[in-house]
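**Q** Just passing along the structure, written as structure tokens.
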Amino acid sequence: MDQLQRHHSHIQQTLNAGQFDGERVLDSQLQFQPKGDPKQSFTVNGLNLVRQRQQSEQLHLTVQDRGTALLTFDASQTDRQLTQQIDKAVIPLGLRAAATESGDVIFSTSQSDFQTLGQHVNISGQGHRYPAGQPNRIKVQPEPQGIENISLKLADGEQIRHTMRHVNQGLQQVQKGLDQLRNFQADLDTKVGKAMAGQSAENIDTKLQSLQNSQSFAAAFQVVSAQANVHRHTVVALLK
């Protein structure tokens, strides 16, 4: 079991190390995302628009190191209105909110921010959706469960079979991720080939030489655009 846990930790470390421009490029489903930090969705057990629908209630949702949001469940509002209200309330916490067809509130945040949640949130309310009194420490549930969230249990035969099912699912995710990366690489090679078509080394050298005689933005843009067909806003960013 200890060895299995070490392998699991190594997988998480490897995924976190796979970065470009300081951001992870693989989400917990091993989906490749070349731009922006991958997103992670999760639910909070008991936080459902349908549950206790006849009761209006105010909940305080506290996220570790981020603060507290006030969620108002007004029984007179539609699910759509409630969802929009919840979404607006949790934006300052670095979250976004939506709802499933069954009424479960599903939150999303970046993969890196999700790891800082500590796997729990605190909720206090008026006793309808959660017990009243002290804040309730509720574990978040990744949706869908990713390879980093596999529960490794080997106490008995059923738990072993459960773990093996998750391991097999993880292997399937690995294969899908590899196929996606190969397709991305092939597409990138094609685009680079088209962009560089007709550009000889002598032609590029001539354009670079002309840049030495003029440091204007127009000249820089002309040279870079000629080489790689890069958009203007990209050139501006590179020159800053």
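Numbering starts fresh at 1 for the residues of each chain in the structure tokens, the chains themselves are lettered A, B, ... in the order given, and ligands are numbered from 1 as they appear.
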Show me, as a list in words, the residues that have an atom within 10 Å of A:Leu82 when counting only C-alpha atoms, minus same-chain residues fewer than 6 positions from it.

**A**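 So, after excluding close chain neighbours, the residues are Leu49, Leu71, Thr72, Phe73, Asp74, Ala75, Ser76, Lys88, Ala98, Ala99 and Val105 of chain A.
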
**Q** Write the selection just made, keeping all heavy atoms, as an mmCIF file, in the first residue's frame?

**A**
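again-v1.cif, written as the output of this step:
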data_model
loop_
_atom_site.group_PDB
_atom_site.id
_atom_site.type_symbol
_atom_site.label_atom_id
_atom_site.label_comp_id
_atom_site.auth_asym_id
_atom_site.auth_seq_id
_atom_site.Cartn_x
_atom_site.Cartn_y
_atom_site.Cartn_z
ATOM 1 N N LEU A 49 -29.924 22.764 -5.338
ATOM 2 C CA LEU A 49 -31.000 23.740 -5.487
ATOM 3 C C LEU A 49 -32.362 23.139 -5.185
ATOM 4 O O LEU A 49 -33.302 23.853 -4.826
ATOM 5 C CB LEU A 49 -31.001 24.312 -6.914
ATOM 6 C CG LEU A 49 -29.720 25.004 -7.383
ATOM 7 C CD1 LEU A 49 -29.910 25.536 -8.794
ATOM 8 C CD2 LEU A 49 -29.324 26.133 -6.438
ATOM 9 N N LEU A 71 -24.456 32.850 0.455
ATOM 10 C CA LEU A 71 -25.312 32.244 -0.560
ATOM 11 C C LEU A 71 -26.755 32.292 -0.072
ATOM 12 O O LEU A 71 -27.090 31.719 0.959
ATOM 13 C CB LEU A 71 -24.908 30.789 -0.818
ATOM 14 C CG LEU A 71 -23.414 30.511 -1.086
ATOM 15 C CD1 LEU A 71 -23.202 29.034 -1.382
ATOM 16 C CD2 LEU A 71 -22.899 31.383 -2.224
ATOM 17 N N THR A 72 -27.599 32.992 -0.806
ATOM 18 C CA THR A 72 -28.997 33.139 -0.424
ATOM 19 C C THR A 72 -29.870 32.226 -1.282
ATOM 20 O O THR A 72 -29.940 32.388 -2.501
ATOM 21 C CB THR A 72 -29.465 34.594 -0.585
ATOM 22 O OG1 THR A 72 -28.660 35.441 0.226
ATOM 23 C CG2 THR A 72 -30.925 34.734 -0.180
ATOM 24 N N PHE A 73 -30.532 31.265 -0.639
ATOM 25 C CA PHE A 73 -31.436 30.351 -1.328
ATOM 26 C C PHE A 73 -32.870 30.845 -1.096
ATOM 27 O O PHE A 73 -33.511 30.509 -0.107
ATOM 28 C CB PHE A 73 -31.260 28.925 -0.812
ATOM 29 C CG PHE A 73 -30.004 28.267 -1.298
ATOM 30 C CD1 PHE A 73 -28.774 28.584 -0.739
ATOM 31 C CD2 PHE A 73 -30.036 27.342 -2.332
ATOM 32 C CE1 PHE A 73 -27.612 27.990 -1.185
ATOM 33 C CE2 PHE A 73 -28.883 26.734 -2.790
ATOM 34 C CZ PHE A 73 -27.664 27.056 -2.223
ATOM 35 N N ASP A 74 -33.343 31.650 -2.021
ATOM 36 C CA ASP A 74 -34.683 32.225 -1.931
ATOM 37 C C ASP A 74 -35.657 31.269 -2.619
ATOM 38 O O ASP A 74 -35.561 31.031 -3.829
ATOM 39 C CB ASP A 74 -34.700 33.590 -2.610
ATOM 40 C CG ASP A 74 -36.011 34.333 -2.414
ATOM 41 O OD1 ASP A 74 -37.029 33.673 -2.105
ATOM 42 O OD2 ASP A 74 -36.025 35.555 -2.594
ATOM 43 N N ALA A 75 -36.598 30.722 -1.855
ATOM 44 C CA ALA A 75 -37.528 29.731 -2.396
ATOM 45 C C ALA A 75 -38.399 30.281 -3.517
ATOM 46 O O ALA A 75 -38.962 29.520 -4.300
ATOM 47 C CB ALA A 75 -38.408 29.186 -1.271
ATOM 48 N N SER A 76 -38.511 31.598 -3.613
ATOM 49 C CA SER A 76 -39.358 32.196 -4.642
ATOM 50 C C SER A 76 -38.631 32.356 -5.979
ATOM 51 O O SER A 76 -39.249 32.667 -6.996
ATOM 52 C CB SER A 76 -39.863 33.572 -4.180
ATOM 53 O OG SER A 76 -38.788 34.490 -4.054
ATOM 54 N N LYS A 88 -22.322 34.742 -8.922
ATOM 55 C CA LYS A 88 -21.845 36.091 -8.629
ATOM 56 C C LYS A 88 -21.222 36.174 -7.236
ATOM 57 O O LYS A 88 -20.218 36.858 -7.025
ATOM 58 C CB LYS A 88 -23.004 37.079 -8.747
ATOM 59 C CG LYS A 88 -22.602 38.535 -8.568
ATOM 60 C CD LYS A 88 -23.788 39.465 -8.759
ATOM 61 C CE LYS A 88 -23.387 40.920 -8.583
ATOM 62 N NZ LYS A 88 -24.550 41.840 -8.788
ATOM 63 N N ALA A 98 -22.236 26.751 -11.478
ATOM 64 C CA ALA A 98 -23.284 26.391 -12.418
ATOM 65 C C ALA A 98 -24.136 25.335 -11.714
ATOM 66 O O ALA A 98 -23.912 25.024 -10.549
ATOM 67 C CB ALA A 98 -22.692 25.863 -13.725
ATOM 68 N N ALA A 99 -25.110 24.785 -12.407
ATOM 69 C CA ALA A 99 -25.968 23.764 -11.796
ATOM 70 C C ALA A 99 -26.228 22.650 -12.789
ATOM 71 O O ALA A 99 -26.344 22.880 -13.997
ATOM 72 C CB ALA A 99 -27.285 24.378 -11.328
ATOM 73 N N VAL A 105 -25.131 22.000 -7.295
ATOM 74 C CA VAL A 105 -24.317 23.166 -7.632
ATOM 75 C C VAL A 105 -22.898 22.676 -7.910
ATOM 76 O O VAL A 105 -22.291 22.009 -7.073
ATOM 77 C CB VAL A 105 -24.310 24.199 -6.492
ATOM 78 C CG1 VAL A 105 -23.437 25.392 -6.866
ATOM 79 C CG2 VAL A 105 -25.725 24.653 -6.185
#

**Q** Name the closest residue to A:Pro38 among the candidates A:Asp113, A:Gly94, A:Gly177, A:Val140; distances are taken between atoms, counting only C-alpha atoms.

**A**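 Nearest to A:Pro38: A:Asp113.
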
**Q** Have a look at atom CA of A:Ala69 and atom CA of A:Val90 and let me know their distance in Å, one decimal.

**A**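 A separation of 5.9 Å between them.
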
**Q** What's the 12 Å shell around A:Ile91, counting only C-alpha atoms, without same-chain residues fewer than 3 positions away, as a PDB file with C-alpha atoms, in the first residue's frame?

**A**
ATOM      1  CA  VAL A  63     -12.971  28.658   1.450  1.00  0.00           C
ATOM      2  CA  ARG A  66      -9.945  33.035   0.404  1.00  0.00           C
ATOM      3  CA  GLY A  67     -12.766  34.279   2.552  1.00  0.00           C
ATOM      4  CA  THR A  68     -16.504  33.735   2.916  1.00  0.00           C
ATOM      5  CA  ALA A  69     -19.395  34.101   0.476  1.00  0.00           C
ATOM      6  CA  LEU A  70     -23.041  34.576   1.433  1.00  0.00           C
ATOM      7  CA  LEU A  71     -25.312  32.244  -0.560  1.00  0.00           C
ATOM      8  CA  GLN A  84     -26.695  33.254 -11.287  1.00  0.00           C
ATOM      9  CA  GLN A  85     -26.804  34.625  -7.752  1.00  0.00           C
ATOM     10  CA  ILE A  86     -24.501  31.910  -6.403  1.00  0.00           C
ATOM     11  CA  ASP A  87     -22.093  32.366  -9.303  1.00  0.00           C
ATOM     12  CA  LYS A  88     -21.845  36.091  -8.629  1.00  0.00           C
ATOM     13  CA  GLY A  94     -11.868  32.557  -7.280  1.00  0.00           C
ATOM     14  CA  LEU A  95     -14.741  30.219  -8.139  1.00  0.00           C
ATOM     15  CA  ARG A  96     -17.489  30.028 -10.724  1.00  0.00           C
ATOM     16  CA  ALA A  97     -20.775  28.197 -10.230  1.00  0.00           C
ATOM     17  CA  ALA A  98     -23.284  26.391 -12.418  1.00  0.00           C
ATOM     18  CA  PHE A 107     -18.133  24.874  -8.889  1.00  0.00           C
ATOM     19  CA  SER A 108     -15.064  25.348 -11.044  1.00  0.00           C
ATOM     20  CA  THR A 109     -11.652  26.876 -10.511  1.00  0.00           C
TER      21      THR A 109
END

**Q** For the strand (DSSP E) assignment from backbone DSSP, which residues of stretch 87-186 of chain A qualify? Please present them as a list in words.

**A** Arg96, Ala97, Ala98, Ala99, Asp104, Val105, Ile106, Phe107, Ser108, Thr109, Ser110, His120, Val121, Asn122, Ile123, Ser124, Asn136, Arg137, Ile138, Lys139, Val140, Gln141 and Pro142 of chain A
